[in-house]
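Take a look at the structure set out below.
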Protein chains: 2
Amino acid sequence: MTITIYDVAREANVSMATVSRVVNGNQNVKPATRQKVLAVIERLDYRPNAVARGLASKKTKTVGVIIPDISNVFYAELVRGIEDIATMYRYNIILTNSDQQADKEVQLLSTLFSKQVDGIVMMSDEVTKDMLSEMERSSVPIVLAGTVETSESFPSVNIEYHDAAVDAVNRLIQNGHTRIAFVSGNMDSTIDRVYKRSGYEKALKEANIEIDDNLIVGVDNTYDDGLAAWEELGQLNNPPTAFFAGNDEIAIGLIHGAQDSGLNVPNDIEVISFENSKLARMVRPQLTSVVLPLYDIGAVSMRLLTKFMNKEKIDEQIVVLPYRIEERDSVK
Amino acid sequence: MTITIYDVAREANVSMATVSRVVNGNQNVKPATRQKVLAVIERLDYRPNAVARGLASKKTKTVGVIIPDISNVFYAELVRGIEDIATMYRYNIILTNSDQQADKEVQLLSTLFSKQVDGIVMMSDEVTKDMLSEMERSSVPIVLAGTVETSESFPSVNIEYHDAAVDAVNRLIQNGHTRIAFVSGNMDSTIDRVYKRSGYEKALKEANIEIDDNLIVGVDNTYDDGLAAWEELGQLNNPPTAFFAGNDEIAIGLIHGAQDSGLNVPNDIEVISFENSKLARMVRPQLTSVVLPLYDIGAVSMRLLTKFMNKEKIDEQIVVLPYRIEERDSVK
DNA sequence: TTGAAAGCGCTAACAG
DNA sequence: CTGTTAGCGCTTTCAA
C-alpha cells in the first residue's frame with residue numbers, strides 16, 4: 001500500500017542505504033545514481049516516513065511548546081515568534097495549552113517527552129518545584145520564554161521587568177501623580193508579584209510617595225478584570241489618579257471604566273500599560289505602554305533552543321532583551 | 001541509557017508483550033502481574049516511546065492544524081477550540097501557519113503527511129486545485145474548518161455566510177440607510193468574495209437600493225485597513241452612512257476613522273461587523289456583530305475529525321452551525 | 001561510492 | 001492469561 005524506501009531501492013536497483021543517502025542529501029553518491037534514484041522517487045511518489053526516521057535517528061525535528069492559552073493575543077504573539085524560527089530551522093511545533101495549571105504543565109511536559117520532541121519552549125506564570133523536577137527528569141533541552149525561574153538553572157529569555165516597571169511608574173510620577181494604582185494581572189505570576197510590584201514600589205519610594213496597599217490590586221488578565229478594578233478603586237475615598245496596568249486588556253478595561261464614568265483619559269486619569277500588543281493602537285486614546293517584545297522573545301527562545309539541540313556553543317543561556325516605552329495618548 | 005519496555009520486562013520477569021498490555025490498559029492481564037509490572041515501571045521511571053509506538057501501530061495520536069496566522073485572534077480562537085477537543089480525545093496538535101500562501105499550504109500538507117499525523121484540520125481562504133490534489137494524495141482524513149470548498153468533496157464546518165450577510169445588511173437597511181458600504185477583508189477569500197458579497201448585494205436588491213461598486217472595498221483584514229477604507233470612502237461625493245465590515249478589526253478601524261473625523265457612531269454612522277471576537281466588547285461603542293462561532297467551529301471540526309479517525313459512522317460530513325447577530329451599540 | 005545488516009522501541013497476531 | 005516472533009520504515013556503522 002504505502003510505498004517505502006525499500007520499494008524505491010528495488011525499482012532503482014540500489015540498496016536502501018543509497019536511497020537513504022540521496023534522501024538525506026549525503027554527498028557520497030555518484031551523480032548518476034542520484035539521478036536514477038530521484039527519478040524513481042518521483043515516479044513512485046515516495047515520501048519518507050518521519051516517524052520511522054525519528055525512531056532510527058532519535059531526532060524527530062519537532063519541538064514542544066507549552067503556553068497558558070493560545071486564544072490570548074499575548075501568548076499567540078509569542079507562539080508566532082517561535083513558529084517562524086522553528087520553520088526556518090525545519091522544525092515543527094506541538095502546541096499545548098496549560099491554562100496556567102501546574103499539574104497540567106507537569107503532565108504536558110511528560111507527554112511531550114514521550115513524543116520524543118527534540119526540545120521544548122515553555123512559558124509559565126510560575127515554575128513550581130514539581131515542574132522543575134519533571135523538567136530535570138529528561139535531558140531534552142528546555143528554554144523558558146518570558147518566564148522567570150529564580151534559580152536560573154534553565155535557559156531563559158526575558159526583559160528586565162523590574163526596571164521597566166520603575167520606568168513606567170516614574171513616567172506617571174513625573175506628571176505629578178501621587179495616587180498611583182498598580183493593577184496587576186494574576187498575582188500567581190512571579191513576574192507580576194515580584195518584579196513588577198517591586199519596580200512599582202521602588203519608584204514610589206524614591207519619590208517619597210507612601211505605598212498604599214489599597215492601590216495594589218491583583219486580579220486576572222482580562223478586559224473585564226480591568227473594568228472591575230476600576231469599579232473597586234473608584235469607590236475609594238481618595239481614589240487613584242493614575243494607573244500602572246499589568247497588560248493591555250487591563251489597561252483598556254481601566255480606560256473604558258473611566259470613560260464610562262464620564263472621565264477623560266489622559267486629562268482626568270492617566271494610564272500606562274505593560275505589553276504593547278496590537279490592541280494598544282486599537283483604542284482611543286491609544287495606549288502608552290512598556291513594549292514587551294513577545295514575538296522577539298519567542299523567536300529568540302526558539303533560536304536559543306536550536307543551539308542547544310545542535311549542541312552549539314552557548315554564550316549566555318540567560319538572555320535579557322531590551323525594552324522601551326512607546327509613548328502614545330493615555331499618558332500626557 | 002534510556003529505559004525501554006524490554007528493561008521493564010526483564011526486571012518484572014515477564015515478556016515485553018505483557019508490559020505492553022499493562023501500559024495499554026489491556027484487560028487480559030492477571031491483576032497480580034499487572035501490579036508487579038506497574039511497580040517496576042514506577043521504580044525504573046519507564047515512559048513509553050510514542051515514536052516507536054507510532055511506527056508499530058501506524059497511529060501517532062497527533063493531528064495537524066493548518067491556519068493562516070496564529071497571531072491573529074480570529075484564528076487563535078479557532079485553534080483553541082480544536083486543541084480542547086483534541087486533548088479530550090488524547091491527541092496532540094502540530095500547529096502550522098500558512099500565511100495564506102497556497103504553495104506553503106501545499107507544502108505544509110506534505111510535511112504533515114510525512115510526519116504521519118492521524119488527521120488534519122485546515123483553514124484556508126481559498127482551496128486551490130493544487131491543494132485539492134495534494135489533499136487527495138493521502139488517505140489521511142482532513143476537515144475544513146471555516147473554509148468553503150465548492151465541490152464539497154471534503155468534510156467541513158461552517159455557518160451560512162450568505163444568509164448571515166443578508167441579515168446584517170438588512171439590519172442597516174431597516175434603519176433607513178441607502179448608502180451602505182461593504183468593507184470586505186481580503187477578496188482572495190472565497191467566503192468574502194462570494195458569500196458575503198452576494199448576501200450584501202441580495203439585501204440591497206431586495207430593498208431596491210442600487211449597487212454602487214464604489215461602496216465595495218476589498219482590503220486586508222487589519223485595523224489599519226479599516227482606517228484606510230474610511231479615508232477612501234470618506235472622499236466620495238456621496239459617502240456611505242453605514243458600513244458592513246468583514247471582521248472586527250476592520251469595523252474598529254472604520255469606527256475610529258469616523259470618530260477621528262468628529263463623527264458619532266451610531267448617530268452619524270452605523271457599523272455592523274462579522275466576527276464577534278473578544279474585541280467586539282473592547283471598543284466604544286461596542287460592536288454590533290454577526291456572531292461567527294470560531295471556537296465552536298474549531299471544536300466541532302476536531303470532533304468530526306475524531307469520527308473519521310475512529311472510522312465511526314458519519315451522519316453528515318458538511319456541517320452548518322447556527323449564527324446570530326449580537327446587538328450592541330454600533331448600530332441603533 | 002555502495003551494500004549488508006543490525007538495530008531504534010514498540011505493537012500485534014498467533015500460539016499455547 | 002502470557003510469551004514468541006515478526007515486523008513498522010528508516011538510519012547508521014562497517015566492510016567491501
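How things are named: the first chain in the C-alpha cells is A, the next is B, and so on; residues count from 1 in each chain; ligands count from 1 in the order shown.
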Kindly provide, as a PDB file with N, CA, C and O atoms (P, O5', C5', C4', C3', O3' and C1' of nucleotides), in the first residue's frame, the residues of chain D having any atom no farther than 9 Å from an atom of chain A, counting only C-alpha atoms (C1' of nucleotides).
```pdb
ATOM      1  P    DC D   8       6.648  -4.737   7.517  1.00  0.00           P
ATOM      2  O5'  DC D   8       6.370  -3.370   8.256  1.00  0.00           O
ATOM      3  C5'  DC D   8       5.170  -3.109   8.965  1.00  0.00           C
ATOM      4  C4'  DC D   8       5.341  -1.782   9.669  1.00  0.00           C
ATOM      5  C3'  DC D   8       6.284  -0.825   8.935  1.00  0.00           C
ATOM      6  O3'  DC D   8       5.504   0.130   8.221  1.00  0.00           O
ATOM      7  C1'  DC D   8       6.782  -0.952  11.321  1.00  0.00           C
ATOM      8  P    DG D   9       5.739   0.305   6.627  1.00  0.00           P
ATOM      9  O5'  DG D   9       7.006   1.263   6.594  1.00  0.00           O
ATOM     10  C5'  DG D   9       6.921   2.552   7.177  1.00  0.00           C
ATOM     11  C4'  DG D   9       8.305   3.131   7.304  1.00  0.00           C
ATOM     12  C3'  DG D   9       9.120   3.134   6.007  1.00  0.00           C
ATOM     13  O3'  DG D   9       9.631   4.435   5.840  1.00  0.00           O
ATOM     14  C1'  DG D   9      10.361   2.199   7.766  1.00  0.00           C
ATOM     15  P    DC D  10      10.600   4.863   4.693  1.00  0.00           P
ATOM     16  O5'  DC D  10      11.944   5.042   5.514  1.00  0.00           O
ATOM     17  C5'  DC D  10      12.007   6.124   6.420  1.00  0.00           C
ATOM     18  C4'  DC D  10      13.065   5.901   7.466  1.00  0.00           C
ATOM     19  C3'  DC D  10      14.490   6.113   6.975  1.00  0.00           C
ATOM     20  O3'  DC D  10      14.915   7.408   7.410  1.00  0.00           O
ATOM     21  C1'  DC D  10      14.287   4.193   8.398  1.00  0.00           C
ATOM     22  P    DT D  11      16.348   7.957   6.904  1.00  0.00           P
ATOM     23  O5'  DT D  11      17.323   7.408   8.040  1.00  0.00           O
ATOM     24  C5'  DT D  11      17.146   7.906   9.366  1.00  0.00           C
ATOM     25  C4'  DT D  11      18.210   7.326  10.263  1.00  0.00           C
ATOM     26  C3'  DT D  11      19.636   7.732   9.913  1.00  0.00           C
ATOM     27  O3'  DT D  11      20.300   7.920  11.154  1.00  0.00           O
ATOM     28  C1'  DT D  11      19.473   5.398   9.891  1.00  0.00           C
ATOM     29  P    DT D  12      21.668   8.709  11.260  1.00  0.00           P
ATOM     30  O5'  DT D  12      22.692   7.535  11.595  1.00  0.00           O
ATOM     31  C5'  DT D  12      22.307   6.489  12.466  1.00  0.00           C
ATOM     32  C4'  DT D  12      23.317   5.376  12.396  1.00  0.00           C
ATOM     33  C3'  DT D  12      24.696   5.816  11.897  1.00  0.00           C
ATOM     34  O3'  DT D  12      25.664   5.193  12.716  1.00  0.00           O
ATOM     35  C1'  DT D  12      23.933   4.004  10.626  1.00  0.00           C
TER      36       DT D  12
END
```
- Check every residue of chain C for an atom within 12 Å of chain A, counting only C-alpha atoms (C1' of nucleotides), and provide those that qualify as a list in words.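 That gives DT1, DT2, DG3, DA4, DA5, DA6, DG7, DC8, DG9 and DC10 of chain C for chain C.
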- Give me, as a ChimeraX atom specification, the contact residues of chain B against chain A at a cut-off of 9 Å, counting only C-alpha atoms. /B:47-52,54-55,60,62,69-80,83-84,87,92-97,110-111,113-116,223,249,252-253,256,279,281-284
What would the file look like if the residues just selected were written as a compact mmCIF listing (two decimals), in the first residue's frame with C-alpha atoms?
```
# COMPACT_ATOMS: atom_id res chain seq x y z
CA ARG B 47 7.99 6.01 29.81
CA PRO B 48 6.70 4.56 26.58
CA ASN B 49 8.27 5.96 23.45
CA ALA B 50 5.44 7.36 21.38
CA VAL B 51 7.53 7.36 18.22
CA ALA B 52 8.20 3.65 18.39
CA GLY B 54 3.59 5.20 16.24
CA LEU B 55 5.77 3.22 13.91
CA THR B 60 0.61 8.77 16.11
CA THR B 62 -1.26 13.66 16.69
CA ASP B 69 -1.73 33.04 11.19
CA ILE B 70 -1.86 32.16 14.85
CA SER B 71 -1.09 35.73 15.95
CA ASN B 72 -4.49 36.77 14.64
CA VAL B 73 -7.20 36.41 17.33
CA PHE B 74 -9.55 35.16 14.70
CA TYR B 75 -7.56 32.00 14.08
CA ALA B 76 -6.27 31.70 17.61
CA GLU B 77 -9.82 31.26 18.84
CA LEU B 78 -10.38 28.52 16.30
CA VAL B 79 -7.22 26.72 17.35
CA ARG B 80 -8.27 26.79 20.97
CA GLU B 83 -7.00 21.93 20.87
CA ASP B 84 -9.55 21.47 23.63
CA THR B 87 -6.88 17.00 24.29
CA ASN B 92 -1.70 16.42 20.31
CA ILE B 93 -1.57 19.10 17.71
CA ILE B 94 1.12 20.15 15.28
CA LEU B 95 0.40 23.79 14.56
CA THR B 96 1.45 25.38 11.28
CA ASN B 97 0.96 28.84 9.78
CA SER B 110 3.08 17.34 2.59
CA THR B 111 5.21 17.64 5.71
CA PHE B 113 1.65 13.64 5.90
CA SER B 114 5.28 12.68 6.23
CA LYS B 115 5.00 13.12 9.98
CA GLN B 116 2.21 10.56 9.83
CA TYR B 223 -7.35 47.53 11.85
CA GLU B 249 -10.61 44.75 13.24
CA ILE B 252 -13.00 49.09 14.69
CA GLY B 253 -10.80 50.84 12.16
CA HIS B 256 -12.13 55.10 14.84
CA LEU B 279 -12.53 42.77 20.65
CA ARG B 281 -16.76 44.44 23.57
CA MET B 282 -13.45 46.21 23.91
CA VAL B 283 -14.33 49.33 21.93
CA ARG B 284 -16.67 52.21 22.43
```
- Item | Residue list (alpha helix (DSSP H), DSSP) for region 158-330 of chain A, as a count of residues only | 65
- Excluding Thr190 (chain B) and any residue of its chain fewer than 3 positions from it, enumerate the residues within 6 Å of it, using only C-alpha atoms (C1' of nucleotides), and give them as a list in words.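 Neighbouring residues, sequence-local ones excluded: Glu126, Arg193 and Val194 of chain B.
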Since we have the selection now, will you write its residues out, keeping N, CA, C and O atoms, as an mmCIF file, in the first residue's frame?
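File selection32.cif, as written:
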```
data_model
loop_
_atom_site.group_PDB
_atom_site.id
_atom_site.type_symbol
_atom_site.label_atom_id
_atom_site.label_comp_id
_atom_site.auth_asym_id
_atom_site.auth_seq_id
_atom_site.Cartn_x
_atom_site.Cartn_y
_atom_site.Cartn_z
ATOM 1 N N GLU B 126 -8.852 30.154 0.505
ATOM 2 C CA GLU B 126 -9.282 29.585 -0.766
ATOM 3 C C GLU B 126 -8.561 28.269 -1.016
ATOM 4 O O GLU B 126 -7.341 28.187 -0.970
ATOM 5 N N ARG B 193 -15.428 37.010 -0.925
ATOM 6 C CA ARG B 193 -15.668 37.393 -2.312
ATOM 7 C C ARG B 193 -17.014 36.882 -2.820
ATOM 8 O O ARG B 193 -17.722 37.572 -3.543
ATOM 9 N N VAL B 194 -17.345 35.671 -2.464
ATOM 10 C CA VAL B 194 -18.565 35.077 -2.987
ATOM 11 C C VAL B 194 -19.761 35.202 -2.026
ATOM 12 O O VAL B 194 -20.763 35.828 -2.336
#
```
- Task: Would you please give, as a PyMOL selection string, all residues of region 167-325 of chain B that DSSP assigns to strand (DSSP E or B) based on the backbone?
- Result: chain B and resi 180-184+216-218+242-245+270-275+288-291+318-321+325
- Query: Of the candidates B:Glu312, B:Asp212, B:Glu201, B:Asp248, which one gets nearest to Leu236 (chain B) if we count only C-alpha atoms?
  - Reply: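 Answer, going by the shortest atom-to-atom distance: B:Asp212.
Among the candidate residues A:Asp192, A:Ala12, A:Asn24, A:Leu263, the one lying nearest to Ala39 (chain A) is A:Ala12, with distances computed using only C-alpha atoms.
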